[in-house]
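Novice: Take a look at protein-v1.txt, compact mmCIF, C-alpha atoms (C1' of nucleotides):
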```txt
# COMPACT_ATOMS: atom_id res chain seq x y z
CA MET A 603 0.00 0.00 0.00
CA MET A 604 0.89 3.68 -0.17
CA ASN A 605 2.13 3.19 -3.72
CA ASN A 606 1.20 6.46 -5.26
CA GLN A 607 0.58 10.04 -4.22
CA LEU A 608 -3.21 9.74 -4.23
CA ASP A 609 -3.08 6.90 -1.69
CA ARG A 610 -0.99 9.05 0.60
CA ALA A 611 -2.99 12.23 0.10
CA PHE A 612 -6.39 10.67 0.74
CA ASN A 613 -5.02 8.66 3.64
CA ALA A 614 -3.52 11.79 5.17
CA LEU A 615 -6.85 13.57 4.87
CA SER A 616 -8.83 10.72 6.42
CA ASP A 617 -7.67 11.70 9.92
CA PRO A 618 -9.41 14.59 11.73
CA THR A 619 -6.20 15.68 13.46
CA ARG A 620 -4.42 15.94 10.14
CA ARG A 621 -7.33 17.81 8.54
CA ALA A 622 -7.23 20.21 11.49
CA ILE A 623 -3.55 20.79 10.75
CA VAL A 624 -4.25 21.42 7.06
CA GLU A 625 -7.08 23.73 8.05
CA ARG A 626 -4.78 25.67 10.33
CA LEU A 627 -2.09 25.87 7.66
CA ALA A 628 -4.58 27.08 5.05
CA GLY A 629 -4.64 30.31 7.08
CA GLY A 630 -0.86 30.64 6.87
CA PRO A 631 2.42 28.91 7.86
CA ALA A 632 2.97 27.70 11.42
CA THR A 633 5.65 26.06 13.55
CA VAL A 634 5.40 22.52 14.93
CA SER A 635 4.67 23.82 18.45
CA GLU A 636 1.98 26.17 17.20
CA LEU A 637 0.32 23.30 15.38
CA ALA A 638 0.62 21.01 18.41
CA ALA A 639 -0.64 23.51 21.01
CA PRO A 640 -4.40 23.05 20.45
CA LEU A 641 -4.17 19.30 19.82
CA PRO A 642 -5.00 16.81 22.59
CA MET A 643 -1.88 14.68 22.20
CA SER A 644 1.86 14.61 22.75
CA LEU A 645 4.29 16.45 20.51
CA PRO A 646 5.81 13.26 19.10
CA ALA A 647 2.32 12.22 18.04
CA VAL A 648 1.88 15.50 16.19
CA MET A 649 5.26 14.92 14.55
CA LEU A 650 4.01 11.59 13.24
CA HIS A 651 0.94 13.28 11.75
CA LEU A 652 3.17 15.90 10.15
CA LYS A 653 5.35 13.15 8.71
CA VAL A 654 2.30 11.57 7.08
CA LEU A 655 1.24 14.96 5.71
CA GLU A 656 4.72 15.65 4.35
CA GLU A 657 5.03 12.26 2.71
CA SER A 658 1.68 12.86 1.07
CA GLY A 659 2.99 16.09 -0.39
CA LEU A 660 0.15 18.09 1.17
CA VAL A 661 2.48 19.90 3.55
CA ALA A 662 6.07 21.07 3.26
CA SER A 663 8.35 22.31 6.03
CA GLU A 664 11.68 23.98 6.54
CA LYS A 665 13.88 24.13 9.60
CA LYS A 666 15.63 27.34 10.58
CA GLY A 667 17.62 27.23 13.78
CA ARG A 668 15.63 25.13 16.16
CA VAL A 669 12.23 26.02 14.65
CA ARG A 670 10.50 24.06 11.90
CA THR A 671 7.94 26.04 9.93
CA CYS A 672 5.22 24.20 7.99
CA ARG A 673 3.12 25.34 5.07
CA ILE A 674 0.46 23.92 2.81
CA GLU A 675 1.34 22.58 -0.65
CA PRO A 676 -1.66 23.51 -2.82
CA VAL A 677 -0.62 21.39 -5.81
CA ALA A 678 -1.18 18.17 -3.85
CA LEU A 679 -4.58 19.40 -2.65
CA SER A 680 -5.53 20.18 -6.20
CA LEU A 681 -4.40 16.73 -7.40
CA ALA A 682 -6.85 14.99 -5.06
CA GLU A 683 -9.52 17.54 -5.88
CA GLN A 684 -9.06 16.83 -9.57
CA TRP A 685 -9.43 13.09 -9.15
CA LEU A 686 -12.77 13.57 -7.42
CA ASN A 687 -13.90 16.12 -9.97
CA ASP A 688 -13.04 13.89 -12.93
CA ARG A 689 -15.01 10.90 -11.57
CA ARG A 690 -17.99 12.99 -10.57
CA ARG A 691 -18.11 14.65 -13.97
CA LEU A 692 -17.91 11.33 -15.75
CA TRP A 693 -20.85 10.04 -13.71
CA GLU A 694 -22.86 13.22 -14.21
CA SER A 695 -22.32 13.26 -17.96
CA ARG A 696 -23.59 9.69 -18.02
CA VAL A 697 -26.69 10.68 -16.05
CA ASP A 698 -27.22 13.61 -18.42
CA ARG A 699 -27.04 11.36 -21.49
CA LEU A 700 -29.46 8.94 -19.87
CA GLY A 701 -31.84 11.77 -19.04
CA ALA A 702 -31.71 13.09 -22.59
CA PHE A 703 -32.34 9.60 -23.94
CA LEU A 704 -35.37 9.04 -21.70
CA GLU A 705 -36.72 12.43 -22.65
CA SER A 706 -36.35 11.71 -26.37
CA GLU A 707 -38.03 8.34 -25.85
CA GLY A 708 -40.89 10.17 -24.12
CA GLU A 709 -41.38 12.42 -27.15
CA LYS A 710 -42.03 9.40 -29.34
CA GLU A 711 -45.33 8.69 -27.64
CA MET B 1404 -12.02 7.51 14.65
CA MET B 1405 -14.45 7.47 11.74
CA ASN B 1406 -16.59 10.11 13.43
CA ASN B 1407 -17.81 12.06 10.50
CA GLN B 1408 -18.47 11.55 6.81
CA LEU B 1409 -15.25 13.21 5.67
CA ASP B 1410 -13.18 10.74 7.69
CA ARG B 1411 -14.97 7.88 6.00
CA ALA B 1412 -14.91 9.36 2.52
CA PHE B 1413 -11.20 10.18 2.50
CA ASN B 1414 -10.37 6.88 4.15
CA ALA B 1415 -12.39 5.00 1.54
CA LEU B 1416 -10.55 6.82 -1.24
CA SER B 1417 -7.11 6.14 0.23
CA ASP B 1418 -7.19 2.54 -1.01
CA PRO B 1419 -6.35 1.83 -4.67
CA THR B 1420 -8.81 -1.08 -4.85
CA ARG B 1421 -11.62 1.16 -3.67
CA ARG B 1422 -10.63 3.94 -6.05
CA ALA B 1423 -10.67 1.36 -8.85
CA ILE B 1424 -14.22 0.45 -7.83
CA VAL B 1425 -15.30 4.10 -7.81
CA GLU B 1426 -13.60 4.56 -11.16
CA ARG B 1427 -15.48 1.60 -12.58
CA LEU B 1428 -18.77 2.84 -11.14
CA ALA B 1429 -18.25 6.33 -12.54
CA GLY B 1430 -18.85 4.69 -15.93
CA GLY B 1431 -22.18 3.27 -14.76
CA PRO B 1432 -23.72 0.86 -12.21
CA ALA B 1433 -22.32 -2.65 -11.76
CA THR B 1434 -23.00 -5.81 -9.78
CA VAL B 1435 -20.74 -7.10 -7.02
CA SER B 1436 -19.40 -9.89 -9.24
CA GLU B 1437 -18.69 -7.49 -12.09
CA LEU B 1438 -16.75 -5.27 -9.71
CA ALA B 1439 -14.87 -8.23 -8.23
CA ALA B 1440 -13.95 -9.89 -11.54
CA PRO B 1441 -10.86 -7.76 -12.40
CA LEU B 1442 -9.67 -7.48 -8.80
CA PRO B 1443 -6.84 -9.75 -7.52
CA MET B 1444 -8.62 -10.86 -4.34
CA SER B 1445 -11.42 -13.00 -3.02
CA LEU B 1446 -15.06 -11.97 -3.28
CA PRO B 1447 -15.45 -11.53 0.49
CA ALA B 1448 -12.55 -9.08 0.39
CA VAL B 1449 -14.31 -7.07 -2.30
CA MET B 1450 -17.45 -7.10 -0.15
CA LEU B 1451 -15.46 -5.52 2.69
CA HIS B 1452 -14.24 -2.78 0.36
CA LEU B 1453 -17.80 -2.18 -0.79
CA LYS B 1454 -18.94 -1.96 2.81
CA VAL B 1455 -16.35 0.75 3.47
CA LEU B 1456 -17.47 2.60 0.36
CA GLU B 1457 -21.13 2.36 1.34
CA GLU B 1458 -20.52 3.54 4.89
CA SER B 1459 -18.63 6.49 3.47
CA GLY B 1460 -21.67 7.40 1.39
CA LEU B 1461 -19.62 7.32 -1.82
CA VAL B 1462 -21.44 4.25 -3.12
CA ALA B 1463 -25.00 3.03 -2.75
CA SER B 1464 -26.39 -0.38 -3.65
CA GLU B 1465 -29.66 -2.21 -4.03
CA LYS B 1466 -30.37 -5.90 -4.04
CA LYS B 1467 -32.85 -7.35 -6.50
CA GLY B 1468 -33.28 -11.09 -6.34
CA ARG B 1469 -29.82 -12.49 -5.73
CA VAL B 1470 -27.98 -9.65 -7.47
CA ARG B 1471 -26.70 -6.52 -5.76
CA THR B 1472 -26.22 -3.55 -8.04
CA CYS B 1473 -23.91 -0.72 -6.98
CA ARG B 1474 -23.78 2.88 -8.12
CA ILE B 1475 -21.83 6.01 -7.34
CA GLU B 1476 -23.26 8.67 -5.01
CA PRO B 1477 -22.00 11.98 -6.45
CA VAL B 1478 -23.06 14.09 -3.47
CA ALA B 1479 -20.46 12.42 -1.22
CA LEU B 1480 -17.77 12.87 -3.89
CA SER B 1481 -18.65 16.52 -4.12
CA LEU B 1482 -18.51 16.94 -0.33
CA ALA B 1483 -14.89 15.80 -0.21
CA GLU B 1484 -14.11 17.83 -3.31
CA GLN B 1485 -15.56 20.93 -1.66
CA TRP B 1486 -13.47 20.51 1.48
CA LEU B 1487 -10.29 20.44 -0.58
CA ASN B 1488 -11.42 23.34 -2.72
CA ASP B 1489 -12.25 25.54 0.29
CA ARG B 1490 -8.84 25.03 1.94
CA ARG B 1491 -6.94 25.50 -1.28
CA ARG B 1492 -8.83 28.71 -2.06
CA LEU B 1493 -8.22 30.05 1.43
CA TRP B 1494 -4.50 29.44 1.03
CA GLU B 1495 -4.40 30.92 -2.45
CA SER B 1496 -6.26 34.06 -1.44
CA ARG B 1497 -3.70 34.50 1.31
CA VAL B 1498 -0.86 34.13 -1.18
CA ASP B 1499 -2.59 36.63 -3.47
CA ARG B 1500 -2.93 39.18 -0.67
CA LEU B 1501 0.71 38.67 0.22
CA GLY B 1502 1.72 39.12 -3.41
CA ALA B 1503 -0.29 42.33 -3.69
CA PHE B 1504 1.25 43.62 -0.48
CA LEU B 1505 4.80 42.92 -1.63
CA GLU B 1506 4.04 44.59 -4.93
CA SER B 1507 2.68 47.72 -3.27
CA GLU B 1508 5.71 47.80 -0.99
CA GLY B 1509 7.90 47.63 -4.09
CA GLU B 1510 6.17 50.70 -5.56
CA LYS B 1511 7.17 52.75 -2.55
CA GLU B 1512 10.84 52.65 -3.50
C1' DG C 1269 -36.34 -30.42 -6.64
C1' DA C 1270 -31.32 -30.63 -7.65
C1' DA C 1271 -27.74 -27.86 -9.20
C1' DA C 1272 -25.73 -23.62 -10.23
C1' DT C 1273 -25.41 -18.71 -9.15
C1' DA C 1274 -24.54 -14.58 -6.39
C1' DC C 1275 -23.76 -13.07 -2.49
C1' DT C 1276 -23.05 -13.14 2.86
C1' DT C 1277 -21.25 -14.39 7.37
C1' DA C 1278 -17.78 -16.05 10.53
C1' DA C 1279 -13.42 -17.04 12.30
C1' DG C 1280 -8.73 -16.38 12.28
C1' DT C 1281 -4.13 -14.15 11.35
C1' DG C 1282 -0.22 -11.35 10.51
C1' DA C 1283 0.76 -6.43 9.58
C1' DT C 1284 0.15 -1.76 10.35
C1' DC C 1285 -1.67 2.37 13.06
C1' DG C 1286 -1.89 5.79 16.63
C1' DC C 1287 -0.56 6.80 20.17
C1' DT C 1288 2.46 6.74 24.78
C1' DT C 1289 6.73 7.71 27.74
C1' DG C 1290 11.54 8.48 28.09
C1' DA C 1291 15.78 9.81 26.49
C1' DC C 1292 18.35 12.86 23.59
C1' DA C 1293 20.16 16.68 20.24
C1' DG C 1294 20.72 21.21 18.46
C1' DT C 1295 19.83 26.33 19.26
C1' DT C 1296 19.19 30.38 21.72
C1' DT C 1297 19.08 33.11 26.02
C1' DG C 1298 20.67 34.85 30.51
C1' DC D 987 28.59 27.73 30.30
C1' DA D 988 24.07 26.57 32.21
C1' DA D 989 19.39 26.58 31.53
C1' DA D 990 15.44 26.81 28.73
C1' DC D 991 13.39 25.96 24.41
C1' DT D 992 12.06 23.32 20.21
C1' DG D 993 12.16 19.49 18.06
C1' DT D 994 13.53 14.32 17.14
C1' DC D 995 14.32 9.27 17.88
C1' DA D 996 13.22 4.78 19.89
C1' DA D 997 10.77 1.23 22.11
C1' DG D 998 6.54 -0.65 23.16
C1' DC D 999 1.61 -1.71 23.22
C1' DG D 1000 -3.25 -2.31 22.38
C1' DA D 1001 -6.50 -1.67 18.56
C1' DT D 1002 -7.72 -1.88 13.95
C1' DC D 1003 -6.96 -3.40 9.05
C1' DA D 1004 -6.87 -6.28 5.00
C1' DC D 1005 -7.12 -10.01 3.80
C1' DT D 1006 -7.86 -15.47 3.88
C1' DT D 1007 -10.69 -19.94 3.81
C1' DA D 1008 -14.76 -22.36 4.91
C1' DA D 1009 -19.41 -22.64 5.47
C1' DG D 1010 -24.08 -20.88 4.78
C1' DT D 1011 -28.32 -18.45 2.58
C1' DA D 1012 -31.36 -16.95 -0.80
C1' DT D 1013 -32.60 -17.03 -5.80
C1' DT D 1014 -32.86 -18.78 -10.36
C1' DT D 1015 -32.28 -22.31 -13.84
C1' DC D 1016 -32.67 -26.87 -15.75
```
Output the file's structure in the form of structure tokens.

Specialist:
Amino acid sequence: MMNNQLDRAFNALSDPTRRAIVERLAGGPATVSELAAPLPMSLPAVMLHLKVLEESGLVASEKKGRVRTCRIEPVALSLAEQWLNDRRRLWESRVDRLGAFLESEGEKE
Amino acid sequence: MMNNQLDRAFNALSDPTRRAIVERLAGGPATVSELAAPLPMSLPAVMLHLKVLEESGLVASEKKGRVRTCRIEPVALSLAEQWLNDRRRLWESRVDRLGAFLESEGEKE
DNA sequence: GAAATACTTAAGTGATCGCTTGACAGTTTG
DNA sequence: CAAACTGTCAAGCGATCACTTAAGTATTTC
């Protein structure tokens, strides 16, 4: 498992703690401690969540001195978004064609 | 875990087998056996994946006689899509504001 | 009504997850 | 340099996951 980037991205997003982190980072960069402060768990646990987010490509971070600053990586968000959009559109176009067909069948009567 | 619908939806999508099922269903409804046929695992295993997909709301199914037919549920897809879109937009608007600010600062020189 | 079909349930198993605590390392401050 | 701060690594542990095989149920076909 965890072969490709979509696996990792969707898996990362399936956890409420990690979504909370992404949500926080959507408002702007933050340090590890800032991210951990409101979360009901130890700092090492937060680090593990950050590791998952980084490996998914959704979050990037940089260490300066003793402080690591994290930020969102919008390209990865958009990749997952696109996958969902593509499948939904395919389904909807199918439903549209079916609707049009049924309507044209109705006109025959 | 698995409190809300987003947890379930993203978790469901984090597995390549389940994404393959969604992908197949985006092209139109299918029976359990049809879905299982191309997959390299036992039928009970496929049933478990379908259960996860159903509990996430991404897939719905109906049994008629001895055949269960599955179809995609676009509303759940769109819910996950929307979450991603909202966070990405928030981030991007922040980057835009920052860009505009830096530009206006540049004009002062 | 016997046999084939299409799914469903149950039990079991090894691997991975989501934390924990404790120890430790590098950086800045007094 | 000592102390405080910010983050990292490691070991361990119970819970959950992703299957498996075997057996069972309901429906349709011959």

Novice: Using only C-alpha atoms, I'd like every residue of chain B that has an atom within 8 Å of chain A; please write them out as a PyMOL selection string.

Specialist: chain B and resi 1404+1409-1414+1416-1419+1425-1426+1428-1431+1475+1477+1480-1481+1483-1484+1487-1488+1490-1491+1493-1495+1497

Novice: Please measure the separation of CA of Thr1472 (chain B) and C1' of DG1280 (chain C), giving the value in Å to one decimal.

Specialist: 29.7 Å

Novice: What is the CA of Arg670 (chain A)-CA of Thr633 (chain A) distance in Å, reported with one decimal?

Specialist: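 Those two atoms sit 5.5 Å apart.
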
Novice: Once you count only C-alpha atoms (C1' of nucleotides), which residues of chain C turn out to be within 9 Å of chain B? Could you give them as a ChimeraX atom specification?

Specialist: /C:1273-1276

Novice: Quick check, in Å to one decimal: how far apart do CA of Pro640 (chain A) and C1' of DC999 (chain D) lie?

Specialist: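 Here the two named atoms are 25.6 Å from each other.
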
Novice: Quick one: of A:Ala638, A:Ser706, A:Thr619, A:Gly701, who's nearest to DG993 (chain D), counting only C-alpha atoms (C1' of nucleotides)?

Specialist: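 Among A:Ala638, A:Ser706, A:Thr619, A:Gly701, it is A:Ala638 that comes nearest to DG993 (chain D).
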
Novice: Find the residues of chain D that sit at most 9 Å from chain A; for each, write down the nearest two atoms and how far apart they are in Å, to one decimal. Count only C-alpha atoms (C1' of nucleotides). Sort by chain, then by number going up, and give it as JSON lines.

Specialist:
```
{"residue": "D:DC991", "atom": "C1'", "partner": "A:Arg668", "partner_atom": "CA", "distance": 8.6}
{"residue": "D:DT992", "atom": "C1'", "partner": "A:Arg668", "partner_atom": "CA", "distance": 5.7}
{"residue": "D:DG993", "atom": "C1'", "partner": "A:Arg668", "partner_atom": "CA", "distance": 6.9}
{"residue": "D:DT994", "atom": "C1'", "partner": "A:Pro646", "partner_atom": "CA", "distance": 8.0}
```

Novice: Near region 1283-1291 of chain C, within 10 Å and counting only C-alpha atoms (C1' of nucleotides), which residues show up once chain neighbours fewer than 6 positions away are dropped, as a ChimeraX atom specification?

Specialist: /A:643-644,646-648,650-651 /D:995-1004

Novice: Output C-alpha atoms (C1' of nucleotides) for every residue in the selection just made, as a compact mmCIF listing (two decimals), keeping the file's coordinate frame.

Specialist:
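Writing the result to out_22.txt gives the following:
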```txt
# COMPACT_ATOMS: atom_id res chain seq x y z
CA MET A 643 -1.88 14.68 22.20
CA SER A 644 1.86 14.61 22.75
CA PRO A 646 5.81 13.26 19.10
CA ALA A 647 2.32 12.22 18.04
CA VAL A 648 1.88 15.50 16.19
CA LEU A 650 4.01 11.59 13.24
CA HIS A 651 0.94 13.28 11.75
C1' DC D 995 14.32 9.27 17.88
C1' DA D 996 13.22 4.78 19.89
C1' DA D 997 10.77 1.23 22.11
C1' DG D 998 6.54 -0.65 23.16
C1' DC D 999 1.61 -1.71 23.22
C1' DG D 1000 -3.25 -2.31 22.38
C1' DA D 1001 -6.50 -1.67 18.56
C1' DT D 1002 -7.72 -1.88 13.95
C1' DC D 1003 -6.96 -3.40 9.05
C1' DA D 1004 -6.87 -6.28 5.00
```

Novice: Show me the residues close to (-33.4, -28.9, -18.9) - anything with an atom within 12 Å, counting only C-alpha atoms (C1' of nucleotides) - and format the list as a PyMOL selection string.

Specialist: (chain C and resi 1270-1271) or (chain D and resi 1015-1016)
